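Student: I am sharing protein.cif, which consists of mmCIF, C-alpha atoms:
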```
data_work
loop_
_atom_site.group_PDB
_atom_site.id
_atom_site.type_symbol
_atom_site.label_atom_id
_atom_site.label_comp_id
_atom_site.auth_asym_id
_atom_site.auth_seq_id
_atom_site.Cartn_x
_atom_site.Cartn_y
_atom_site.Cartn_z
ATOM 1 C CA MET T 1 0.000 0.000 0.000
ATOM 2 C CA LYS T 2 1.377 3.411 -0.970
ATOM 3 C CA LYS T 3 2.113 5.607 2.024
ATOM 4 C CA VAL T 4 4.523 8.247 0.655
ATOM 5 C CA TYR T 5 2.982 11.321 -1.007
ATOM 6 C CA GLY T 6 4.550 14.216 -2.874
ATOM 7 C CA SER T 7 3.097 17.131 -0.894
ATOM 8 C CA ALA T 8 1.045 17.917 2.169
ATOM 9 C CA ALA T 9 -1.978 18.718 0.003
ATOM 10 C CA GLU T 10 -1.697 15.358 -1.766
ATOM 11 C CA ALA T 11 -1.340 13.524 1.550
ATOM 12 C CA LEU T 12 -4.583 15.102 2.792
ATOM 13 C CA ASP T 13 -6.520 14.597 -0.423
ATOM 14 C CA GLY T 14 -9.903 12.993 0.242
ATOM 15 C CA LEU T 15 -9.533 13.110 4.029
ATOM 16 C CA LEU T 16 -10.877 16.542 4.966
ATOM 17 C CA THR T 17 -14.519 17.255 5.744
ATOM 18 C CA ASP T 18 -16.310 20.096 7.529
ATOM 19 C CA GLY T 19 -16.973 19.419 11.206
ATOM 20 C CA MET T 20 -14.319 16.749 11.649
ATOM 21 C CA LEU T 21 -12.177 16.122 14.737
ATOM 22 C CA ILE T 22 -8.426 16.491 14.183
ATOM 23 C CA ALA T 23 -5.720 15.462 16.655
ATOM 24 C CA ALA T 24 -2.526 17.471 16.166
ATOM 25 C CA GLY T 25 0.895 16.718 17.619
ATOM 26 C CA GLY T 26 3.367 19.243 18.972
ATOM 27 C CA PHE T 27 4.010 21.269 22.102
ATOM 28 C CA GLY T 28 4.195 25.020 21.699
ATOM 29 C CA LEU T 29 5.886 25.275 18.314
ATOM 30 C CA CYS T 30 8.103 22.236 18.934
ATOM 31 C CA GLY T 31 7.330 19.274 16.706
ATOM 32 C CA ILE T 32 4.228 20.756 15.091
ATOM 33 C CA PRO T 33 3.060 19.487 11.672
ATOM 34 C CA GLU T 34 3.411 22.935 10.135
ATOM 35 C CA ASN T 35 3.102 21.868 6.474
ATOM 36 C CA LEU T 36 -0.060 19.857 7.090
ATOM 37 C CA ILE T 37 -1.571 22.703 9.118
ATOM 38 C CA ALA T 38 -0.930 25.125 6.249
ATOM 39 C CA ALA T 39 -2.471 22.676 3.776
ATOM 40 C CA ILE T 40 -5.594 22.289 5.921
ATOM 41 C CA ARG T 41 -5.912 26.067 6.104
ATOM 42 C CA ASP T 42 -5.574 26.336 2.332
ATOM 43 C CA SER T 43 -8.235 23.640 1.808
ATOM 44 C CA GLY T 44 -10.940 25.865 3.309
ATOM 45 C CA VAL T 45 -12.427 23.087 5.472
ATOM 46 C CA LYS T 46 -14.329 24.579 8.425
ATOM 47 C CA ASP T 47 -16.145 23.960 11.726
ATOM 48 C CA LEU T 48 -13.217 21.872 12.960
ATOM 49 C CA THR T 49 -12.648 20.510 16.440
ATOM 50 C CA VAL T 50 -8.925 20.258 17.142
ATOM 51 C CA ALA T 51 -7.358 18.281 20.001
ATOM 52 C CA SER T 52 -3.892 19.676 20.622
ATOM 53 C CA ASN T 53 -1.856 20.772 23.628
ATOM 54 C CA ASN T 54 -2.114 24.382 22.458
ATOM 55 C CA CYS T 55 -3.027 26.375 19.372
ATOM 56 C CA GLY T 56 0.281 27.715 18.079
ATOM 57 C CA VAL T 57 0.876 31.451 17.989
ATOM 58 C CA ASP T 58 -1.004 34.194 16.192
ATOM 59 C CA ASP T 59 0.739 33.800 12.846
ATOM 60 C CA PHE T 60 2.098 30.247 12.900
ATOM 61 C CA GLY T 61 0.989 26.682 13.520
ATOM 62 C CA LEU T 62 -2.660 26.118 14.389
ATOM 63 C CA GLY T 63 -2.950 29.868 14.912
ATOM 64 C CA LEU T 64 -3.170 30.145 11.127
ATOM 65 C CA MET T 65 -6.519 28.343 11.220
ATOM 66 C CA LEU T 66 -7.758 30.573 14.015
ATOM 67 C CA GLN T 67 -7.095 33.568 11.791
ATOM 68 C CA THR T 68 -9.342 32.077 9.111
ATOM 69 C CA LYS T 69 -11.915 30.945 11.720
ATOM 70 C CA GLN T 70 -11.818 27.334 10.531
ATOM 71 C CA ILE T 71 -11.642 26.006 14.104
ATOM 72 C CA LYS T 72 -14.929 25.808 15.996
ATOM 73 C CA LYS T 73 -13.626 24.116 19.151
ATOM 74 C CA MET T 74 -10.252 23.480 20.798
ATOM 75 C CA MET T 75 -9.486 20.628 23.209
ATOM 76 C CA SER T 76 -6.313 21.942 24.833
ATOM 77 C CA SER T 77 -4.128 22.199 27.919
ATOM 78 C CA TYR T 78 -2.518 25.575 27.344
ATOM 79 C CA VAL T 79 -3.923 28.601 25.556
ATOM 80 C CA GLY T 80 -1.264 31.248 26.168
ATOM 81 C CA GLU T 81 0.933 32.914 23.531
ATOM 82 C CA ASN T 82 -2.034 33.487 21.229
ATOM 83 C CA ALA T 83 -3.963 36.762 21.400
ATOM 84 C CA GLU T 84 -6.450 35.685 18.717
ATOM 85 C CA PHE T 85 -7.255 32.535 20.657
ATOM 86 C CA MET T 86 -8.012 34.666 23.723
ATOM 87 C CA ARG T 87 -10.086 37.129 21.725
ATOM 88 C CA GLN T 88 -12.219 34.451 20.057
ATOM 89 C CA TYR T 89 -12.759 32.555 23.302
ATOM 90 C CA LEU T 90 -13.734 35.607 25.344
ATOM 91 C CA SER T 91 -16.081 36.814 22.595
ATOM 92 C CA GLY T 92 -17.817 33.433 22.389
ATOM 93 C CA GLU T 93 -16.597 32.681 18.860
ATOM 94 C CA LEU T 94 -14.507 29.672 19.920
ATOM 95 C CA GLU T 95 -15.454 26.740 22.161
ATOM 96 C CA LEU T 96 -12.805 25.490 24.564
ATOM 97 C CA GLU T 97 -12.532 22.201 26.434
ATOM 98 C CA PHE T 98 -9.688 22.455 28.937
ATOM 99 C CA ASN T 99 -7.700 19.285 29.681
ATOM 100 C CA PRO T 100 -4.766 18.796 32.036
ATOM 101 C CA GLN T 101 -1.749 17.915 29.890
ATOM 102 C CA GLY T 102 -1.359 14.370 31.187
ATOM 103 C CA THR T 103 -5.084 13.753 30.840
ATOM 104 C CA LEU T 104 -5.096 14.995 27.245
ATOM 105 C CA ALA T 105 -2.127 12.789 26.327
ATOM 106 C CA GLU T 106 -3.718 9.756 27.985
ATOM 107 C CA ARG T 107 -7.086 10.406 26.311
ATOM 108 C CA MET T 108 -5.309 10.280 22.961
ATOM 109 C CA ARG T 109 -3.275 7.191 23.859
ATOM 110 C CA ALA T 110 -6.372 5.429 25.180
ATOM 111 C CA GLY T 111 -8.196 6.111 21.937
ATOM 112 C CA GLY T 112 -5.288 4.593 20.032
ATOM 113 C CA VAL T 113 -5.245 1.336 21.984
ATOM 114 C CA GLY T 114 -8.995 0.763 22.184
ATOM 115 C CA ILE T 115 -9.609 1.867 25.788
ATOM 116 C CA PRO T 116 -12.883 3.844 25.858
ATOM 117 C CA GLY T 117 -12.133 5.707 29.084
ATOM 118 C CA PHE T 118 -10.134 5.756 32.306
ATOM 119 C CA TYR T 119 -10.326 7.096 35.847
ATOM 120 C CA THR T 120 -7.893 9.734 37.121
ATOM 121 C CA LYS T 121 -7.495 11.856 40.263
ATOM 122 C CA THR T 122 -6.357 14.830 38.186
ATOM 123 C CA GLY T 123 -9.016 17.516 38.245
ATOM 124 C CA VAL T 124 -11.063 16.139 41.130
ATOM 125 C CA GLY T 125 -12.661 19.033 43.007
ATOM 126 C CA THR T 126 -12.127 21.525 40.177
ATOM 127 C CA GLN T 127 -14.151 22.768 37.206
ATOM 128 C CA ILE T 128 -12.504 19.993 35.165
ATOM 129 C CA ALA T 129 -14.581 17.452 37.105
ATOM 130 C CA GLU T 130 -17.950 19.116 36.589
ATOM 131 C CA GLY T 131 -20.429 16.869 34.817
ATOM 132 C CA LYS T 132 -18.111 13.841 34.862
ATOM 133 C CA GLU T 133 -18.694 10.523 36.553
ATOM 134 C CA HIS T 134 -16.998 10.186 39.958
ATOM 135 C CA LYS T 135 -15.945 6.863 41.457
ATOM 136 C CA ASP T 136 -14.074 5.903 44.623
ATOM 137 C CA PHE T 137 -11.216 3.429 44.635
ATOM 138 C CA ASP T 138 -9.549 2.492 47.941
ATOM 139 C CA GLY T 139 -10.965 5.588 49.606
ATOM 140 C CA GLU T 140 -9.831 8.000 46.893
ATOM 141 C CA THR T 141 -12.111 9.798 44.423
ATOM 142 C CA TYR T 142 -11.444 9.646 40.688
ATOM 143 C CA ILE T 143 -13.191 11.084 37.635
ATOM 144 C CA LEU T 144 -13.916 9.317 34.369
ATOM 145 C CA GLU T 145 -12.209 10.729 31.295
ATOM 146 C CA LYS T 146 -13.262 9.507 27.861
ATOM 147 C CA ALA T 147 -10.791 8.518 25.165
ATOM 148 C CA ILE T 148 -10.271 10.670 22.083
ATOM 149 C CA VAL T 149 -10.694 9.001 18.705
ATOM 150 C CA ALA T 150 -10.037 11.561 15.990
ATOM 151 C CA ASP T 151 -11.191 11.462 12.389
ATOM 152 C CA LEU T 152 -7.682 12.551 11.383
ATOM 153 C CA SER T 153 -4.305 12.773 13.092
ATOM 154 C CA ILE T 154 -1.589 15.121 11.869
ATOM 155 C CA VAL T 155 1.874 14.744 13.369
ATOM 156 C CA LYS T 156 5.501 15.597 12.735
ATOM 157 C CA ALA T 157 8.409 13.154 13.000
ATOM 158 C CA TRP T 158 12.137 13.292 12.353
ATOM 159 C CA LYS T 159 12.561 10.151 10.252
ATOM 160 C CA ALA T 160 10.309 7.555 8.645
ATOM 161 C CA ASP T 161 10.743 4.610 6.352
ATOM 162 C CA ASP T 162 8.240 3.989 3.580
ATOM 163 C CA THR T 163 6.170 1.676 5.798
ATOM 164 C CA GLY T 164 5.575 4.476 8.303
ATOM 165 C CA ASN T 165 7.865 3.452 11.150
ATOM 166 C CA LEU T 166 8.674 6.720 12.926
ATOM 167 C CA VAL T 167 11.528 8.222 14.909
ATOM 168 C CA PHE T 168 10.981 11.518 16.728
ATOM 169 C CA ARG T 169 13.817 13.867 17.673
ATOM 170 C CA LYS T 170 14.227 14.546 21.377
ATOM 171 C CA THR T 171 11.575 16.916 22.814
ATOM 172 C CA ALA T 172 9.785 17.073 19.452
ATOM 173 C CA ARG T 173 8.418 13.668 20.412
ATOM 174 C CA ASN T 174 6.020 15.310 22.951
ATOM 175 C CA PHE T 175 2.335 14.805 21.998
ATOM 176 C CA ASN T 176 3.101 13.347 18.575
ATOM 177 C CA PRO T 177 2.948 9.593 19.381
ATOM 178 C CA PRO T 178 -0.404 9.663 21.240
ATOM 179 C CA ALA T 179 -1.860 12.065 18.683
ATOM 180 C CA ALA T 180 -0.807 9.737 15.883
ATOM 181 C CA MET T 181 -2.277 6.710 17.645
ATOM 182 C CA CYS T 182 -5.760 8.107 18.176
ATOM 183 C CA GLY T 183 -6.603 8.979 14.566
ATOM 184 C CA LYS T 184 -8.724 6.808 12.310
ATOM 185 C CA VAL T 185 -6.327 8.070 9.638
ATOM 186 C CA CYS T 186 -2.852 9.352 10.504
ATOM 187 C CA VAL T 187 -0.835 11.640 8.205
ATOM 188 C CA VAL T 188 2.783 12.325 9.130
ATOM 189 C CA GLU T 189 5.224 14.918 7.842
ATOM 190 C CA VAL T 190 8.898 14.093 8.296
ATOM 191 C CA GLU T 191 12.294 15.652 7.775
ATOM 192 C CA GLU T 192 13.726 12.556 6.127
ATOM 193 C CA ILE T 193 12.428 9.364 4.540
ATOM 194 C CA VAL T 194 14.998 6.585 4.877
ATOM 195 C CA PRO T 195 15.264 3.190 3.142
ATOM 196 C CA ARG T 196 13.206 0.342 4.530
ATOM 197 C CA GLY T 197 15.229 -1.670 7.022
ATOM 198 C CA SER T 198 17.652 1.149 7.850
ATOM 199 C CA LEU T 199 15.983 2.074 11.143
ATOM 200 C CA ASP T 200 17.136 0.203 14.230
ATOM 201 C CA PRO T 201 13.990 -1.566 15.495
ATOM 202 C CA ASP T 202 14.880 -0.608 19.070
ATOM 203 C CA SER T 203 14.968 3.081 18.058
ATOM 204 C CA ILE T 204 11.498 3.197 16.482
ATOM 205 C CA HIS T 205 9.159 5.280 18.622
ATOM 206 C CA LEU T 206 5.935 4.507 16.743
ATOM 207 C CA PRO T 207 5.351 1.496 14.469
ATOM 208 C CA GLY T 208 4.061 1.978 10.954
ATOM 209 C CA VAL T 209 0.776 0.217 11.705
ATOM 210 C CA TYR T 210 -0.507 3.562 13.033
ATOM 211 C CA VAL T 211 0.599 5.569 9.991
ATOM 212 C CA HIS T 212 -1.381 5.798 6.754
ATOM 213 C CA ARG T 213 0.278 8.598 4.778
ATOM 214 C CA ILE T 214 3.730 10.243 4.853
ATOM 215 C CA VAL T 215 5.078 13.414 3.293
ATOM 216 C CA GLN T 216 8.588 14.837 3.446
ATOM 217 C CA GLY T 217 8.500 18.546 4.199
ATOM 218 C CA GLU T 218 10.579 21.659 4.637
ATOM 219 C CA PHE T 219 10.425 23.281 8.053
ATOM 220 C CA GLU T 220 10.778 26.749 9.473
ATOM 221 C CA LYS T 221 11.287 25.497 13.059
ATOM 222 C CA ARG T 222 10.390 28.837 14.563
ATOM 223 C CA ILE T 223 11.368 29.607 18.162
ATOM 224 C CA GLU T 224 8.322 30.468 20.251
ATOM 225 C CA GLN T 225 10.066 32.558 22.916
ATOM 226 C CA ARG T 226 13.535 33.729 21.885
ATOM 227 C CA THR T 227 15.653 34.792 24.847
ATOM 228 C CA THR T 228 19.139 36.247 24.311
ATOM 229 C CA ARG T 229 21.656 38.266 26.258
ATOM 230 C CA ALA T 230 23.623 41.307 25.228
ATOM 231 C CA ALA T 231 27.052 40.597 23.741
#
```
Translate this file's structure into structure tokens.
Tutor:
Amino acid sequence: MKKVYGSAAEALDGLLTDGMLIAAGGFGLCGIPENLIAAIRDSGVKDLTVASNNCGVDDFGLGLMLQTKQIKKMMSSYVGENAEFMRQYLSGELELEFNPQGTLAERMRAGGVGIPGFYTKTGVGTQIAEGKEHKDFDGETYILEKAIVADLSIVKAWKADDTGNLVFRKTARNFNPPAAMCGKVCVVEVEEIVPRGSLDPDSIHLPGVYVHRIVQGEFEKRIEQRTTRAA
């Protein structure tokens, strides 16, 4: 089965529909699928729900789709660094479902391995717990969190072979593996596509069974908060 495509637009062809749920990898601007995000923006698809740790910055990453108002709802842990996100949320233009970071990652992972939900202590006694099932285990209260199964996953990896085995680079690994796992279809952009068999099996972070389409991209790798000192 062909997995390697010539461009981000080609890799997304036939997958995008209005109102779909997209899981996106990355943390801040580290390890974000920037080429796929730009291609989704250019497609004009709308009313999207996006599960991602955050929503990029005003003019980069998922922030590009906020500018065009293609995102209807965000499922996120962190919403700083983005003035347009704040404006849309406070004005009622954007729905927001807050998730603790570990809970969001586990909801994605659970969706990828067929676990419909799990109990966690995180969020008990806060607004996060409102409306959720509570259950006691060994004298401690937990809340039920439901798994995320996305219509589409978009992630960024360092290397892939043509079967979709993935290697992530250092902290760019972040949310990418669980985001990739939870999608009914997973599209990955990579820095390098290597020959089949050249990846050490012990170094593969995500097996190709989770990956449906691959595209090799060019990356800006923007720094979110640049801090320097005077010479």
Student: Which neighbours of Arg173 (chain T) fall inside 9 Å, counting only C-alpha atoms, when residues of the same chain fewer than 5 positions from it are skipped, and could you give them as number ranges by chain?
Tutor: T: 25-27, 30-31, 156-158, 167-168, 205
Student: How would the residues just chosen look if you wrote them out with C-alpha atoms as a PDB file, in the frame of the given file?
Tutor:
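Okay, this is what ended up in selection27.pdb:
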```
ATOM      1  CA  GLY T  25       0.895  16.718  17.619  1.00  0.00           C
ATOM      2  CA  GLY T  26       3.367  19.243  18.972  1.00  0.00           C
ATOM      3  CA  PHE T  27       4.010  21.269  22.102  1.00  0.00           C
ATOM      4  CA  CYS T  30       8.103  22.236  18.934  1.00  0.00           C
ATOM      5  CA  GLY T  31       7.330  19.274  16.706  1.00  0.00           C
ATOM      6  CA  LYS T 156       5.501  15.597  12.735  1.00  0.00           C
ATOM      7  CA  ALA T 157       8.409  13.154  13.000  1.00  0.00           C
ATOM      8  CA  TRP T 158      12.137  13.292  12.353  1.00  0.00           C
ATOM      9  CA  VAL T 167      11.528   8.222  14.909  1.00  0.00           C
ATOM     10  CA  PHE T 168      10.981  11.518  16.728  1.00  0.00           C
ATOM     11  CA  HIS T 205       9.159   5.280  18.622  1.00  0.00           C
TER      12      HIS T 205
END
```
Student: Expand the PyMOL selection byres ((chain T and resi 32) around 12) into the explicit residue set it covers here, and present it as a PyMOL selection string.
Tutor: chain T and resi 23-31+33-38+52-57+60-63+153-158+168+171-176+179+188-190+217+219-224
Student: Find the spatial neighbours of Ile204 (chain T), counting all atoms listed in the file, within a cut-off of 7 Å - ignore same-chain residues fewer than 4 positions away - and output them as a list of chain:residue names.
Tutor: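 My reading of the contact set: T:Asn165, T:Leu166, T:Val167, T:Asp200.
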Student: With the file shown as input, list the residues that the PyMOL selection byres ((chain T and resi 77) around 7) selects, as a VMD selection string.
Tutor: chain T and resid 53 to 54 76 78 to 79 98 to 101
Student: Given the file above and the PyMOL selection byres ((chain T and resi 71) around 12), which residues are selected, and can you give them as number ranges by chain?
Tutor: T: 18-22, 37, 40-41, 44-52, 55, 62-70, 72-75, 84-85, 88-89, 93-96
Student: What's the separation between CA of Cys182 (chain T) and CA of Ala110 (chain T), in Å to one decimal place?
Tutor: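 Separating CA of Cys182 (chain T) from CA of Ala110 (chain T) is a distance of 7.5 Å.
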Student: For Leu206 (chain T), which residue out of T:Lys135, T:Lys159, T:Lys184, T:Arg107 is the nearest one, using only C-alpha atoms?
Tutor: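 Closest residue, counting only C-alpha atoms: T:Lys159.
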Student: Out of T:Glu145, T:Asp13, T:Asp202, T:Glu81, which residue has the shortest atom-to-atom distance to Val187 (chain T) when counting all atoms listed in the file?
Tutor: T:Asp13
Student: Neighbouring residues of Lys146 (chain T) were defined as those with any atom within 8 Å, considering all atoms listed in the file; residues of the same chain fewer than 4 positions away were excluded. Please report them as a list in words.
Tutor: Arg107, Pro116, Gly117 and Phe118 of chain T
Student: Separation of CA of His134 (chain T) and CA of Ala180 (chain T), in Å?
Tutor: 29.0 Å
Student: Which is closer to Met181 (chain T) than all the others in T:Leu16, T:Val124, T:Ala105, T:Ala39, using all atoms listed in the file?
Tutor: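 Among T:Leu16, T:Val124, T:Ala105, T:Ala39, it is T:Ala105 that comes nearest to Met181 (chain T).
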Student: Considering only C-alpha atoms, can you say which of T:Gly111, T:Pro195, T:Gly164, T:Gly125 comes closest to Tyr5 (chain T)?
Tutor: T:Gly164
Student: Figure out the distance between CA of Val194 (chain T) and CA of Ser7 (chain T), please, to one decimal in Å.
Tutor: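 Straight-line distance from CA of Ser7 (chain T) to CA of Val194 (chain T) works out to 16.9 Å.
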Student: Counting only C-alpha atoms, which residue out of T:Gly112, T:Gly14, T:Gly131, T:Gly139 sits closest to Gly183 (chain T)?
Tutor: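 When distances to Gly183 (chain T) are compared using only C-alpha atoms, the smallest one comes from T:Gly112.
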Student: Kindly indicate which residue among T:Asp161, T:Tyr210, T:Tyr142, T:Leu152 lies nearest to Val185 (chain T), using only C-alpha atoms for the distances.
Tutor: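 Ranked by minimum distance to Val185 (chain T), first place goes to T:Leu152.
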Student: Any idea what's packed within 9 Å of Arg196 (chain T), counting only C-alpha atoms, ignoring anything in its chain fewer than 3 positions away? Could you give it as a ChimeraX atom specification?
Tutor: /T:160-163,199
Student: Can you pull region 178-189 of chain T out of that block with N, CA, C and O atoms and hand it back as a CSV table (one decimal), in the first residue's frame?
Tutor:
```
chain,number,residue,atom,x,y,z
T,178,PRO,N,1.0,9.9,20.9
T,178,PRO,CA,-0.4,9.7,21.2
T,178,PRO,C,-1.4,10.3,20.2
T,178,PRO,O,-2.4,9.7,20.0
T,179,ALA,N,-1.0,11.5,19.7
T,179,ALA,CA,-1.9,12.1,18.7
T,179,ALA,C,-1.9,11.2,17.5
T,179,ALA,O,-3.0,11.0,16.9
T,180,ALA,N,-0.8,10.6,17.0
T,180,ALA,CA,-0.8,9.7,15.9
T,180,ALA,C,-1.7,8.5,16.1
T,180,ALA,O,-2.4,8.0,15.2
T,181,MET,N,-1.6,8.0,17.3
T,181,MET,CA,-2.3,6.7,17.6
T,181,MET,C,-3.8,6.8,17.6
T,181,MET,O,-4.5,5.9,17.2
T,182,CYS,N,-4.3,8.0,18.0
T,182,CYS,CA,-5.8,8.1,18.2
T,182,CYS,C,-6.5,8.4,16.9
T,182,CYS,O,-7.8,8.5,17.0
T,183,GLY,N,-5.9,8.6,15.8
T,183,GLY,CA,-6.6,9.0,14.6
T,183,GLY,C,-7.1,7.8,13.8
T,183,GLY,O,-6.4,6.8,13.6
T,184,LYS,N,-8.3,7.9,13.2
T,184,LYS,CA,-8.7,6.8,12.3
T,184,LYS,C,-7.8,6.8,11.1
T,184,LYS,O,-7.6,5.7,10.5
T,185,VAL,N,-7.3,7.9,10.7
T,185,VAL,CA,-6.3,8.1,9.6
T,185,VAL,C,-5.2,9.0,10.2
T,185,VAL,O,-5.5,10.0,10.8
T,186,CYS,N,-4.0,8.6,10.0
T,186,CYS,CA,-2.9,9.4,10.5
T,186,CYS,C,-2.0,9.8,9.3
T,186,CYS,O,-1.5,8.9,8.6
T,187,VAL,N,-1.7,11.1,9.2
T,187,VAL,CA,-0.8,11.6,8.2
T,187,VAL,C,0.4,12.3,8.9
T,187,VAL,O,0.2,13.1,9.8
T,188,VAL,N,1.6,11.9,8.5
T,188,VAL,CA,2.8,12.3,9.1
T,188,VAL,C,3.7,13.1,8.1
T,188,VAL,O,3.8,12.7,7.0
T,189,GLU,N,4.2,14.2,8.6
T,189,GLU,CA,5.2,14.9,7.8
T,189,GLU,C,6.6,14.7,8.5
T,189,GLU,O,6.6,14.7,9.8
```
